[in-house]
>>> print(open('coords-v3.cif').read())   # mmCIF, C-alpha atoms
data_model
loop_
_atom_site.label_atom_id
_atom_site.label_comp_id
_atom_site.auth_asym_id
_atom_site.auth_seq_id
_atom_site.Cartn_x
_atom_site.Cartn_y
_atom_site.Cartn_z
CA MET A 1 73.90 -17.44 -8.66
CA ASN A 2 74.93 -15.67 -5.49
CA PHE A 3 73.39 -12.21 -5.37
CA GLU A 4 74.68 -11.52 -1.88
CA ALA A 5 78.30 -12.27 -2.81
CA LEU A 6 77.98 -9.97 -5.78
CA LEU A 7 76.67 -7.11 -3.61
CA THR A 8 79.41 -7.63 -1.04
CA TYR A 9 81.99 -7.44 -3.80
CA ILE A 10 80.53 -4.26 -5.30
CA ASN A 11 80.38 -2.66 -1.86
CA SER A 12 83.91 -3.57 -0.84
CA THR A 13 86.07 -3.18 -3.94
CA PRO A 14 87.75 0.17 -4.53
CA LEU A 15 86.98 -0.38 -8.23
CA THR A 16 83.38 0.77 -7.80
CA TRP A 17 84.20 4.32 -6.66
CA LEU A 18 87.26 4.48 -8.89
CA ILE A 19 85.12 3.75 -11.96
CA VAL A 20 82.44 6.18 -10.77
CA THR A 21 85.06 8.90 -10.29
CA LEU A 22 86.85 8.43 -13.62
CA LEU A 23 83.57 8.06 -15.49
CA SER A 24 82.08 11.18 -13.87
CA PHE A 25 85.15 13.18 -14.88
CA LYS A 26 84.91 11.82 -18.43
CA ILE A 27 81.23 12.85 -18.57
CA GLY A 28 82.36 16.23 -17.21
CA ILE A 29 84.84 16.64 -20.08
CA ILE A 30 82.20 15.67 -22.67
CA VAL A 31 79.67 18.19 -21.28
CA TYR A 32 82.35 20.90 -20.97
CA GLU A 33 83.35 20.46 -24.61
CA LYS A 34 79.71 20.29 -25.81
CA PHE A 35 79.06 23.71 -24.25
CA ASN A 36 82.12 25.34 -25.84
CA LYS A 37 84.20 25.06 -22.67
CA HIS A 38 82.04 27.37 -20.57
CA THR A 39 83.89 28.33 -17.38
CA LEU A 40 80.99 27.39 -15.12
CA LEU A 41 80.84 23.89 -16.61
CA GLN A 42 84.38 22.87 -15.60
CA PRO A 43 84.65 19.06 -15.86
CA ILE A 44 85.46 18.86 -12.15
CA ILE A 45 82.27 20.74 -11.22
CA ILE A 46 80.12 18.29 -13.21
CA ALA A 47 82.04 15.32 -11.76
CA TYR A 48 81.57 16.85 -8.30
CA VAL A 49 77.78 16.98 -8.65
CA LEU A 50 77.56 13.45 -10.09
CA ILE A 51 79.78 11.81 -7.45
CA MET A 52 78.26 13.83 -4.61
CA SER A 53 74.76 12.67 -5.57
CA LEU A 54 75.89 9.04 -5.62
CA ILE A 55 77.65 9.38 -2.25
CA VAL A 56 74.53 10.88 -0.67
CA LEU A 57 72.19 8.37 -2.37
CA THR A 58 74.21 5.34 -1.26
CA GLN A 59 74.85 6.87 2.19
CA THR A 60 78.57 6.33 1.82
CA SER A 61 80.77 8.20 4.28
CA PHE A 62 83.51 10.50 2.99
CA GLU A 63 86.14 8.30 4.69
CA GLU A 64 84.91 5.21 2.83
CA TYR A 65 84.89 7.09 -0.47
CA PHE A 66 88.32 8.58 0.10
CA LYS A 67 89.84 5.20 0.93
CA SER A 68 88.59 3.75 -2.35
CA VAL A 69 89.99 6.56 -4.49
CA GLU A 70 93.12 7.28 -2.46
CA ILE A 71 95.25 6.15 -5.41
CA ILE A 72 94.00 9.18 -7.39
CA HIS A 73 94.91 11.46 -4.48
CA PHE A 74 98.39 9.94 -4.42
CA PHE A 75 99.13 11.32 -7.90
CA LEU A 76 98.91 14.90 -6.61
CA GLY A 77 102.51 14.48 -5.45
CA PRO A 78 104.14 13.59 -8.80
CA ALA A 79 101.74 16.02 -10.56
CA THR A 80 103.07 18.85 -8.41
CA VAL A 81 106.64 17.91 -9.37
CA ALA A 82 105.49 17.79 -13.01
CA LEU A 83 104.46 21.47 -12.78
CA ALA A 84 108.18 22.29 -12.97
CA LEU A 85 108.18 21.61 -16.73
CA PRO A 86 105.56 24.16 -17.86
CA LEU A 87 107.18 26.65 -15.47
CA TYR A 88 110.59 25.91 -17.02
CA ASN A 89 109.17 26.36 -20.53
CA ASN A 90 107.82 29.81 -19.63
CA LEU A 91 110.80 30.88 -17.54
CA LYS A 92 112.43 32.59 -20.53
CA TYR A 93 109.81 35.36 -20.35
CA ILE A 94 111.00 36.32 -16.89
CA LYS A 95 114.03 38.15 -18.32
CA SER A 96 111.99 40.58 -20.41
CA LEU A 97 110.24 42.07 -17.36
CA PHE A 98 112.33 40.85 -14.45
CA VAL A 99 111.64 43.60 -11.89
CA PRO A 100 107.89 44.02 -12.60
CA ILE A 101 107.42 40.25 -12.38
CA LEU A 102 109.24 39.79 -9.09
CA VAL A 103 107.73 42.85 -7.43
CA THR A 104 104.18 42.01 -8.54
CA LEU A 105 104.64 38.38 -7.54
CA PHE A 106 105.70 39.37 -4.04
CA VAL A 107 103.54 42.43 -3.35
CA ALA A 108 100.34 41.39 -5.15
CA GLY A 109 100.77 37.77 -4.02
CA VAL A 110 100.83 38.82 -0.37
CA PHE A 111 98.14 41.46 -0.90
CA SER A 112 95.63 39.02 -2.39
CA ILE A 113 95.97 36.68 0.59
CA VAL A 114 95.74 39.53 3.12
CA ILE A 115 92.63 41.10 1.56
CA ALA A 116 90.77 37.75 1.53
CA VAL A 117 91.77 36.98 5.12
CA VAL A 118 90.85 40.48 6.38
CA LEU A 119 87.43 40.29 4.72
CA LEU A 120 86.77 36.89 6.33
CA TRP A 121 87.90 38.21 9.70
CA ILE A 122 85.69 41.33 9.48
CA PHE A 123 82.66 39.17 8.71
CA GLY A 124 83.37 36.83 11.60
CA ALA A 125 84.67 33.60 10.05
CA GLU A 126 86.47 31.06 12.25
CA LEU A 127 90.18 30.22 12.09
CA PRO A 128 89.95 26.95 10.06
CA THR A 129 88.00 28.80 7.34
CA ILE A 130 90.50 31.66 7.35
CA LEU A 131 93.43 29.25 7.04
CA SER A 132 91.69 27.41 4.20
CA MET A 133 91.25 30.72 2.35
CA THR A 134 95.00 31.50 2.36
CA THR A 135 95.73 29.04 -0.47
CA LYS A 136 92.86 30.18 -2.71
CA SER A 137 95.03 31.72 -5.41
CA ILE A 138 97.46 28.86 -6.00
CA THR A 139 97.03 25.87 -8.23
CA ALA A 140 94.92 23.17 -6.54
CA PRO A 141 97.57 20.41 -6.14
CA ILE A 142 99.89 22.80 -4.30
CA ALA A 143 96.92 24.28 -2.41
CA ILE A 144 95.90 20.82 -1.16
CA ILE A 145 99.33 19.79 0.10
CA THR A 146 100.01 23.24 1.57
CA SER A 147 96.65 23.38 3.33
CA GLU A 148 97.38 19.98 4.88
CA GLN A 149 100.69 21.42 6.07
CA ILE A 150 99.22 24.53 7.74
CA GLY A 151 96.33 22.78 9.47
CA ALA A 152 93.60 24.10 7.18
CA ILE A 153 90.76 21.99 5.78
CA PRO A 154 91.90 20.69 2.36
CA SER A 155 88.37 20.19 1.01
CA LEU A 156 87.38 23.78 1.84
CA ALA A 157 90.68 24.94 0.37
CA VAL A 158 89.99 23.17 -2.95
CA GLY A 159 86.49 24.64 -3.05
CA PHE A 160 87.88 28.14 -2.53
CA VAL A 161 90.58 27.54 -5.15
CA LEU A 162 88.00 26.47 -7.75
CA ILE A 163 85.65 29.39 -7.08
CA THR A 164 88.53 31.91 -7.14
CA GLY A 165 89.64 30.44 -10.46
CA MET A 166 86.17 30.70 -11.96
CA ILE A 167 85.64 34.29 -10.75
CA GLY A 168 88.89 35.32 -12.44
CA ALA A 169 88.03 33.49 -15.65
CA LEU A 170 84.47 34.85 -15.77
CA PHE A 171 85.06 38.48 -14.82
CA GLY A 172 88.79 39.01 -15.40
CA THR A 173 88.58 40.50 -18.89
CA ILE A 174 85.64 42.78 -17.94
CA ILE A 175 87.45 43.98 -14.80
CA PHE A 176 90.64 44.72 -16.77
CA LYS A 177 88.64 46.74 -19.27
CA LEU A 178 86.87 48.71 -16.52
CA VAL A 179 90.11 49.71 -14.81
CA ASN A 180 91.96 50.23 -18.09
CA VAL A 181 94.75 47.68 -17.94
CA LYS A 182 97.16 48.50 -20.75
CA TYR A 183 99.51 45.58 -21.31
CA GLU A 184 98.53 42.07 -22.35
CA THR A 185 101.33 40.79 -20.14
CA SER A 186 99.79 42.48 -17.07
CA LYS A 187 96.41 40.89 -17.76
CA GLY A 188 97.97 37.46 -18.12
CA PHE A 189 100.16 37.82 -15.08
CA ALA A 190 97.26 38.98 -12.87
CA LEU A 191 95.04 36.13 -14.08
CA GLY A 192 97.68 33.50 -13.35
CA LEU A 193 98.64 35.06 -10.02
CA VAL A 194 95.08 35.29 -8.69
CA SER A 195 93.17 32.61 -10.60
CA HIS A 196 95.88 29.96 -11.28
CA GLY A 197 95.05 27.28 -13.91
CA ILE A 198 91.45 28.28 -14.61
CA GLY A 199 92.61 31.89 -15.09
CA THR A 200 95.41 30.67 -17.37
CA ALA A 201 92.86 28.85 -19.56
CA ARG A 202 91.12 32.21 -20.01
CA ALA A 203 94.41 34.05 -20.61
CA ILE A 204 95.01 31.80 -23.64
CA GLU A 205 91.98 33.51 -25.24
CA ILE A 206 93.52 36.98 -24.65
CA GLY A 207 96.67 36.05 -26.54
CA PRO A 208 99.89 34.01 -26.52
CA LYS A 209 101.79 36.59 -24.42
CA ALA A 210 99.02 36.69 -21.82
CA ALA A 211 98.99 32.88 -21.73
CA ALA A 212 102.75 32.65 -21.18
CA PHE A 213 102.73 35.26 -18.41
CA SER A 214 99.73 33.63 -16.78
CA ALA A 215 101.44 30.24 -16.69
CA LEU A 216 104.59 31.88 -15.38
CA ALA A 217 102.67 33.68 -12.61
CA MET A 218 100.84 30.50 -11.66
CA GLY A 219 104.05 28.47 -11.32
CA LEU A 220 106.00 31.13 -9.45
CA SER A 221 103.17 31.99 -7.05
CA GLY A 222 102.61 28.30 -6.30
CA ILE A 223 106.22 27.92 -5.18
CA PHE A 224 106.33 31.31 -3.45
CA THR A 225 103.12 30.72 -1.46
CA ALA A 226 104.05 27.15 -0.49
CA ILE A 227 107.35 28.42 0.95
CA ILE A 228 106.19 31.61 2.68
CA LEU A 229 102.74 30.63 3.96
CA PRO A 230 103.68 27.80 6.36
CA LEU A 231 106.44 30.01 7.81
CA VAL A 232 104.18 33.02 8.37
CA ILE A 233 101.37 30.94 9.82
CA THR A 234 103.56 29.09 12.33
CA LEU A 235 105.06 32.44 13.40
CA PHE A 236 101.61 33.94 13.93
CA LEU A 237 99.96 31.02 15.65
CA LYS A 238 102.77 30.28 18.07
CA MET B 1 107.93 7.24 -20.65
CA LEU B 2 108.92 5.03 -17.73
CA LYS B 3 112.10 7.06 -17.33
CA GLY B 4 110.02 10.24 -17.09
CA ILE B 5 107.72 8.74 -14.45
CA ILE B 6 110.72 7.54 -12.44
CA VAL B 7 112.20 11.07 -12.62
CA LEU B 8 108.97 12.58 -11.23
CA LEU B 9 108.71 10.02 -8.43
CA VAL B 10 112.40 10.27 -7.51
CA PHE B 11 112.24 14.08 -7.36
CA GLN B 12 109.14 13.89 -5.17
CA PHE B 13 110.88 11.32 -2.97
CA PHE B 14 113.97 13.52 -2.54
CA GLY B 15 111.74 16.54 -1.92
CA GLU B 16 109.90 14.72 0.87
CA CYS B 17 113.17 13.40 2.34
CA ILE B 18 114.68 16.90 2.41
CA SER B 19 111.51 18.33 3.94
CA LYS B 20 111.52 15.68 6.71
CA PHE B 21 115.25 15.72 7.36
CA PHE B 22 115.65 19.48 7.64
CA GLU B 23 112.22 19.80 9.31
CA LEU B 24 111.15 22.26 6.63
CA LEU B 25 107.61 23.54 6.55
CA VAL B 26 107.53 23.52 2.74
CA PRO B 27 105.60 20.50 1.41
CA GLY B 28 107.90 17.79 -0.02
CA PRO B 29 106.39 17.73 -3.55
CA VAL B 30 106.98 21.50 -3.85
CA ILE B 31 110.65 20.98 -2.97
CA GLY B 32 110.67 18.21 -5.59
CA MET B 33 109.22 20.67 -8.10
CA ILE B 34 111.92 23.24 -7.29
CA LEU B 35 114.63 20.56 -7.61
CA LEU B 36 113.27 19.45 -11.00
CA LEU B 37 113.16 23.08 -12.13
CA ILE B 38 116.82 23.55 -11.12
CA PHE B 39 117.68 20.26 -12.85
CA LEU B 40 116.02 21.46 -16.07
CA ILE B 41 117.76 24.85 -15.89
CA ILE B 42 121.15 23.17 -15.48
CA ARG B 43 120.40 20.56 -18.17
CA LYS B 44 119.08 23.36 -20.42
CA SER B 45 116.31 21.18 -21.90
CA SER B 46 113.75 18.51 -21.16
CA PHE B 47 113.71 15.06 -22.79
CA PRO B 48 110.86 13.21 -24.58
CA SER B 49 110.07 10.65 -21.88
CA LEU B 50 109.81 13.40 -19.27
CA ASP B 51 107.56 15.41 -21.60
CA THR B 52 105.24 12.41 -21.96
CA ALA B 53 105.16 11.67 -18.22
CA VAL B 54 104.41 15.33 -17.43
CA PHE B 55 101.67 15.43 -20.06
CA LEU B 56 100.13 12.30 -18.57
CA HIS B 57 100.06 13.84 -15.07
CA LEU B 58 98.85 17.30 -16.05
CA ARG B 59 96.31 16.43 -18.73
CA TYR B 60 93.71 15.31 -16.21
CA LEU B 61 95.06 17.36 -13.32
CA PRO B 62 91.65 18.56 -12.07
CA MET B 63 90.58 14.92 -11.68
CA LEU B 64 93.32 14.43 -9.11
CA PHE B 65 91.70 16.87 -6.69
CA ILE B 66 88.34 15.11 -6.65
CA PRO B 67 89.11 12.85 -3.65
CA ALA B 68 90.18 15.80 -1.47
CA ALA B 69 87.42 18.02 -2.84
CA MET B 70 84.69 15.54 -1.90
CA GLY B 71 85.48 16.20 1.76
CA ILE B 72 83.32 19.27 1.32
CA ILE B 73 80.34 17.09 2.42
CA THR B 74 81.86 17.05 5.91
CA GLN B 75 82.00 20.88 5.92
CA ILE B 76 78.36 21.74 5.20
CA ASP B 77 77.91 23.22 8.72
CA VAL B 78 80.86 25.57 8.36
CA ILE B 79 79.73 26.71 4.93
CA THR B 80 76.14 27.45 5.97
CA LYS B 81 77.27 29.20 9.15
CA GLU B 82 79.91 31.37 7.49
CA PHE B 83 78.32 31.65 4.06
CA TRP B 84 78.36 35.45 3.75
CA ALA B 85 81.89 35.89 5.05
CA ILE B 86 83.12 33.27 2.54
CA PHE B 87 81.03 34.74 -0.29
CA ILE B 88 82.29 38.31 0.26
CA SER B 89 85.89 37.21 0.75
CA LEU B 90 85.85 35.18 -2.47
CA PHE B 91 84.06 37.67 -4.75
CA LEU B 92 85.24 41.00 -3.38
CA GLY B 93 88.69 39.69 -2.42
CA THR B 94 89.34 38.15 -5.82
CA THR B 95 88.08 41.23 -7.71
CA ILE B 96 90.26 43.60 -5.66
CA ALA B 97 93.26 41.25 -6.01
CA LEU B 98 92.84 41.10 -9.81
CA ILE B 99 92.66 44.91 -10.10
CA PHE B 100 95.60 45.41 -7.75
CA SER B 101 97.83 42.82 -9.48
CA ALA B 102 97.10 43.99 -13.03
CA LYS B 103 97.46 47.70 -12.21
CA LEU B 104 100.68 47.17 -10.26
CA MET B 105 102.17 45.11 -13.09
CA ASP B 106 101.02 47.75 -15.61
CA TYR B 107 102.63 50.55 -13.61
CA LEU B 108 105.94 48.69 -13.17
CA THR B 109 105.99 47.65 -16.85
CA SER B 110 105.50 51.20 -18.15
CA LYS B 111 108.24 52.41 -15.79
CA THR B 112 110.65 49.75 -17.10
CA GLU B 113 109.78 50.56 -20.72
CA LYS B 114 110.38 54.29 -20.22
CA LYS B 115 113.83 53.57 -18.86
CA SER B 116 114.91 51.47 -21.81
#
>>> encode(input="coords-v3.cif", output="structure tokens")
Amino acid sequence: MNFEALLTYINSTPLTWLIVTLLSFKIGIIVYEKFNKHTLLQPIIIAYVLIMSLIVLTQTSFEEYFKSVEIIHFFLGPATVALALPLYNNLKYIKSLFVPILVTLFVAGVFSIVIAVVLLWIFGAELPTILSMTTKSITAPIAIITSEQIGAIPSLAVGFVLITGMIGALFGTIIFKLVNVKYETSKGFALGLVSHGIGTARAIEIGPKAAAFSALAMGLSGIFTAIILPLVITLFLK
Amino acid sequence: MLKGIIVLLVFQFFGECISKFFELLVPGPVIGMILLLIFLIIRKSSFPSLDTAVFLHLRYLPMLFIPAAMGIITQIDVITKEFWAIFISLFLGTTIALIFSAKLMDYLTSKTEKKS
């Protein structure tokens, strides 16, 4: 028996962190479903806490961890391409409200980035934080690759994306009631536009029309932001 | 399903190639997504192996951001230093954005409906 060889293997193989990551996410799904899919118990949040504790306990550096699970990160690319299909399936709804959809996408899409950036700036945040906030309303895979493109910090960007999603899912319906939003389609579209996938999961509970418009908003704003944002930021910072 | 996976990878590959070649600032996978969308619009439908491949990639989508998300442990200083700015921007910013988006869409929808 060679205990040392065993330890060396466990410490060096990417399998260890890969298994930890997949298993933590699986535990996250089980907990999420046990608690009736409560927004605050998103599988990724539970996985986050579990993996984070293990990284801190074993004093592993982020670089070491990332190298082991880089294969998971790789799949963000094809997954982003895959987002074309749900967008295609919901594209038929665009015709029914063509002008409202395009105007809201453009005006509200820009507005939600500007308001977040202005608030950060007023309260004295630094540039990397501000840049990382600009992708907060788009779906995480596009947010990660876009934040890499614009020189933001991807990990902060994902954190902001998740929290923005949860705020929309938790308070969206109450907010819409308070300000008297009339159409189901408006509620869905706003949820998808501001709170991407997590908002869309909530829109499903409002109704099928809200769900379709939410998914549509999420897909369109992902593309729109990924095209416009890098252009605007290079113009401003140069 | 293999055909579907190949389609996704090839579209990403072309997206990245276009992005590099034309020195575009748009991330390659997003160009790949746009190309696939155009492809589906022209083809007028998806096909089963693509459906399966897409399902496989999107079912556990949140798991794919874990590696990038874990980098947050290198950002503890930034978060503690700018906590209130981040907190206000996220909560107030998101609330205002939700109200603005929904009300704007409501207003434009009722205008369109009156016309028709």
>>> interface_residues(input="coords-v3.cif", of="chain B", to="chain A", cutoff="7 Å", atoms="all atoms listed in the file", output="compact mmCIF listing (two decimals) with C-alpha atoms, keeping the file's coordinate frame")
# COMPACT_ATOMS: atom_id res chain seq x y z
CA LEU B 8 108.97 12.58 -11.23
CA LEU B 9 108.71 10.02 -8.43
CA GLN B 12 109.14 13.89 -5.17
CA LEU B 25 107.61 23.54 6.55
CA VAL B 26 107.53 23.52 2.74
CA PRO B 27 105.60 20.50 1.41
CA PRO B 29 106.39 17.73 -3.55
CA VAL B 30 106.98 21.50 -3.85
CA GLY B 32 110.67 18.21 -5.59
CA MET B 33 109.22 20.67 -8.10
CA ILE B 34 111.92 23.24 -7.29
CA LEU B 36 113.27 19.45 -11.00
CA LEU B 37 113.16 23.08 -12.13
CA VAL B 54 104.41 15.33 -17.43
CA HIS B 57 100.06 13.84 -15.07
CA LEU B 58 98.85 17.30 -16.05
CA PRO B 62 91.65 18.56 -12.07
CA MET B 63 90.58 14.92 -11.68
CA LEU B 64 93.32 14.43 -9.11
CA PHE B 65 91.70 16.87 -6.69
CA PRO B 67 89.11 12.85 -3.65
CA ALA B 68 90.18 15.80 -1.47
CA ALA B 69 87.42 18.02 -2.84
CA MET B 70 84.69 15.54 -1.90
CA GLY B 71 85.48 16.20 1.76
CA ILE B 72 83.32 19.27 1.32
CA GLU B 82 79.91 31.37 7.49
CA ALA B 85 81.89 35.89 5.05
CA ILE B 86 83.12 33.27 2.54
CA SER B 89 85.89 37.21 0.75
CA LEU B 90 85.85 35.18 -2.47
CA GLY B 93 88.69 39.69 -2.42
CA THR B 94 89.34 38.15 -5.82
CA ALA B 97 93.26 41.25 -6.01
CA LEU B 98 92.84 41.10 -9.81
CA ILE B 99 92.66 44.91 -10.10
CA PHE B 100 95.60 45.41 -7.75
CA SER B 101 97.83 42.82 -9.48
CA ALA B 102 97.10 43.99 -13.03
CA LYS B 103 97.46 47.70 -12.21
CA LEU B 104 100.68 47.17 -10.26
CA MET B 105 102.17 45.11 -13.09
CA ASP B 106 101.02 47.75 -15.61
CA LEU B 108 105.94 48.69 -13.17
CA THR B 109 105.99 47.65 -16.85
>>> residues_near_point(input="coords-v3.cif", point="(110.3, 7.1, -17.1)", cutoff="12 Å", atoms="only C-alpha atoms", output="PDB file with C-alpha atoms, in the frame of the given file")
ATOM      1  CA  MET B   1     107.930   7.240 -20.650  1.00  0.00           C
ATOM      2  CA  LEU B   2     108.920   5.030 -17.730  1.00  0.00           C
ATOM      3  CA  LYS B   3     112.100   7.060 -17.330  1.00  0.00           C
ATOM      4  CA  GLY B   4     110.020  10.240 -17.090  1.00  0.00           C
ATOM      5  CA  ILE B   5     107.720   8.740 -14.450  1.00  0.00           C
ATOM      6  CA  ILE B   6     110.720   7.540 -12.440  1.00  0.00           C
ATOM      7  CA  VAL B   7     112.200  11.070 -12.620  1.00  0.00           C
ATOM      8  CA  LEU B   8     108.970  12.580 -11.230  1.00  0.00           C
ATOM      9  CA  LEU B   9     108.710  10.020  -8.430  1.00  0.00           C
ATOM     10  CA  VAL B  10     112.400  10.270  -7.510  1.00  0.00           C
ATOM     11  CA  PHE B  47     113.710  15.060 -22.790  1.00  0.00           C
ATOM     12  CA  PRO B  48     110.860  13.210 -24.580  1.00  0.00           C
ATOM     13  CA  SER B  49     110.070  10.650 -21.880  1.00  0.00           C
ATOM     14  CA  LEU B  50     109.810  13.400 -19.270  1.00  0.00           C
ATOM     15  CA  ASP B  51     107.560  15.410 -21.600  1.00  0.00           C
ATOM     16  CA  THR B  52     105.240  12.410 -21.960  1.00  0.00           C
ATOM     17  CA  ALA B  53     105.160  11.670 -18.220  1.00  0.00           C
ATOM     18  CA  VAL B  54     104.410  15.330 -17.430  1.00  0.00           C
ATOM     19  CA  LEU B  56     100.130  12.300 -18.570  1.00  0.00           C
TER      20      LEU B  56
END
>>> closest_residue(input="coords-v3.cif", among="A:Ile27, A:Ile206, A:Glu64, A:Phe213", to="Thr13 of chain A", atoms="all atoms listed in the file")
A:Glu64
>>> closest_residue(input="coords-v3.cif", among="A:Thr135, A:Pro14, A:Ile19, A:Leu41", to="Ile198 of chain A", atoms="all atoms listed in the file")
A:Leu41
>>> axis_aligned_box(input="coords-v3.cif", around="segment 211-226 of chain A", padding_each_side="8 Å", output="lines of an AutoDock Vina configuration file")
center_x = 102.7
center_y = 31.2
center_z = -11.1
size_x = 23.3
size_y = 24.1
size_z = 37.2
>>> closest_residue(input="coords-v3.cif", among="A:Gly207, A:Lys92, A:Leu170, A:Ala152", to="Lys44 of chain B", atoms="only C-alpha atoms")
A:Lys92
>>> atom_distance(input="coords-v3.cif", atom1="atom CA of Ile94 of chain A", atom2="atom CA of Ala143 of chain A")
23.5 Å
>>> closest_residue(input="coords-v3.cif", among="A:Met1, A:Ala201, A:Ile30, A:Val20", to="Ser214 of chain A", atoms="only C-alpha atoms")
A:Ala201
>>> decode(input="coords-v3.cif", residues="segment 82-101 of chain B", atoms="N, CA and C atoms", output="mmCIF file, in the first residue's frame")
data_model
loop_
_atom_site.group_PDB
_atom_site.id
_atom_site.type_symbol
_atom_site.label_atom_id
_atom_site.label_comp_id
_atom_site.auth_asym_id
_atom_site.auth_seq_id
_atom_site.Cartn_x
_atom_site.Cartn_y
_atom_site.Cartn_z
ATOM 1 N N GLU B 82 -16.336 47.991 -1.844
ATOM 2 C CA GLU B 82 -17.382 48.688 -2.591
ATOM 3 C C GLU B 82 -18.762 48.102 -2.314
ATOM 4 N N PHE B 83 -18.895 47.482 -1.145
ATOM 5 C CA PHE B 83 -20.126 46.749 -0.846
ATOM 6 C C PHE B 83 -21.399 47.565 -1.066
ATOM 7 N N TRP B 84 -21.440 48.784 -0.498
ATOM 8 C CA TRP B 84 -22.686 49.557 -0.556
ATOM 9 C C TRP B 84 -23.014 50.029 -1.957
ATOM 10 N N ALA B 85 -21.981 50.427 -2.700
ATOM 11 C CA ALA B 85 -22.212 50.844 -4.088
ATOM 12 C C ALA B 85 -22.811 49.679 -4.878
ATOM 13 N N ILE B 86 -22.233 48.478 -4.706
ATOM 14 C CA ILE B 86 -22.713 47.293 -5.424
ATOM 15 C C ILE B 86 -24.129 46.949 -4.989
ATOM 16 N N PHE B 87 -24.359 46.977 -3.676
ATOM 17 C CA PHE B 87 -25.665 46.635 -3.107
ATOM 18 C C PHE B 87 -26.762 47.556 -3.663
ATOM 19 N N ILE B 88 -26.503 48.873 -3.622
ATOM 20 C CA ILE B 88 -27.502 49.843 -4.084
ATOM 21 C C ILE B 88 -27.726 49.699 -5.587
ATOM 22 N N SER B 89 -26.634 49.558 -6.328
ATOM 23 C CA SER B 89 -26.747 49.429 -7.782
ATOM 24 C C SER B 89 -27.578 48.199 -8.153
ATOM 25 N N LEU B 90 -27.332 47.074 -7.455
ATOM 26 C CA LEU B 90 -28.058 45.849 -7.778
ATOM 27 C C LEU B 90 -29.530 45.950 -7.399
ATOM 28 N N PHE B 91 -29.827 46.350 -6.160
ATOM 29 C CA PHE B 91 -31.219 46.350 -5.704
ATOM 30 C C PHE B 91 -32.029 47.488 -6.301
ATOM 31 N N LEU B 92 -31.523 48.720 -6.142
ATOM 32 C CA LEU B 92 -32.260 49.870 -6.656
ATOM 33 C C LEU B 92 -32.274 49.843 -8.184
ATOM 34 N N GLY B 93 -31.104 49.585 -8.786
ATOM 35 C CA GLY B 93 -30.988 49.563 -10.240
ATOM 36 C C GLY B 93 -31.921 48.549 -10.878
ATOM 37 N N THR B 94 -31.961 47.347 -10.303
ATOM 38 C CA THR B 94 -32.800 46.291 -10.868
ATOM 39 C C THR B 94 -34.283 46.616 -10.698
ATOM 40 N N THR B 95 -34.646 47.152 -9.528
ATOM 41 C CA THR B 95 -36.050 47.519 -9.290
ATOM 42 C C THR B 95 -36.502 48.586 -10.280
ATOM 43 N N ILE B 96 -35.699 49.649 -10.409
ATOM 44 C CA ILE B 96 -36.055 50.730 -11.339
ATOM 45 C C ILE B 96 -36.136 50.192 -12.771
ATOM 46 N N ALA B 97 -35.174 49.330 -13.145
ATOM 47 C CA ALA B 97 -35.159 48.785 -14.510
ATOM 48 C C ALA B 97 -36.399 47.942 -14.785
ATOM 49 N N LEU B 98 -36.833 47.162 -13.781
ATOM 50 C CA LEU B 98 -38.036 46.326 -13.951
ATOM 51 C C LEU B 98 -39.270 47.195 -14.153
ATOM 52 N N ILE B 99 -39.404 48.246 -13.330
ATOM 53 C CA ILE B 99 -40.557 49.145 -13.439
ATOM 54 C C ILE B 99 -40.545 49.828 -14.807
ATOM 55 N N PHE B 100 -39.382 50.376 -15.159
ATOM 56 C CA PHE B 100 -39.253 51.102 -16.425
ATOM 57 C C PHE B 100 -39.596 50.198 -17.614
ATOM 58 N N SER B 101 -39.006 48.995 -17.659
ATOM 59 C CA SER B 101 -39.226 48.089 -18.790
ATOM 60 C C SER B 101 -40.693 47.688 -18.912
#
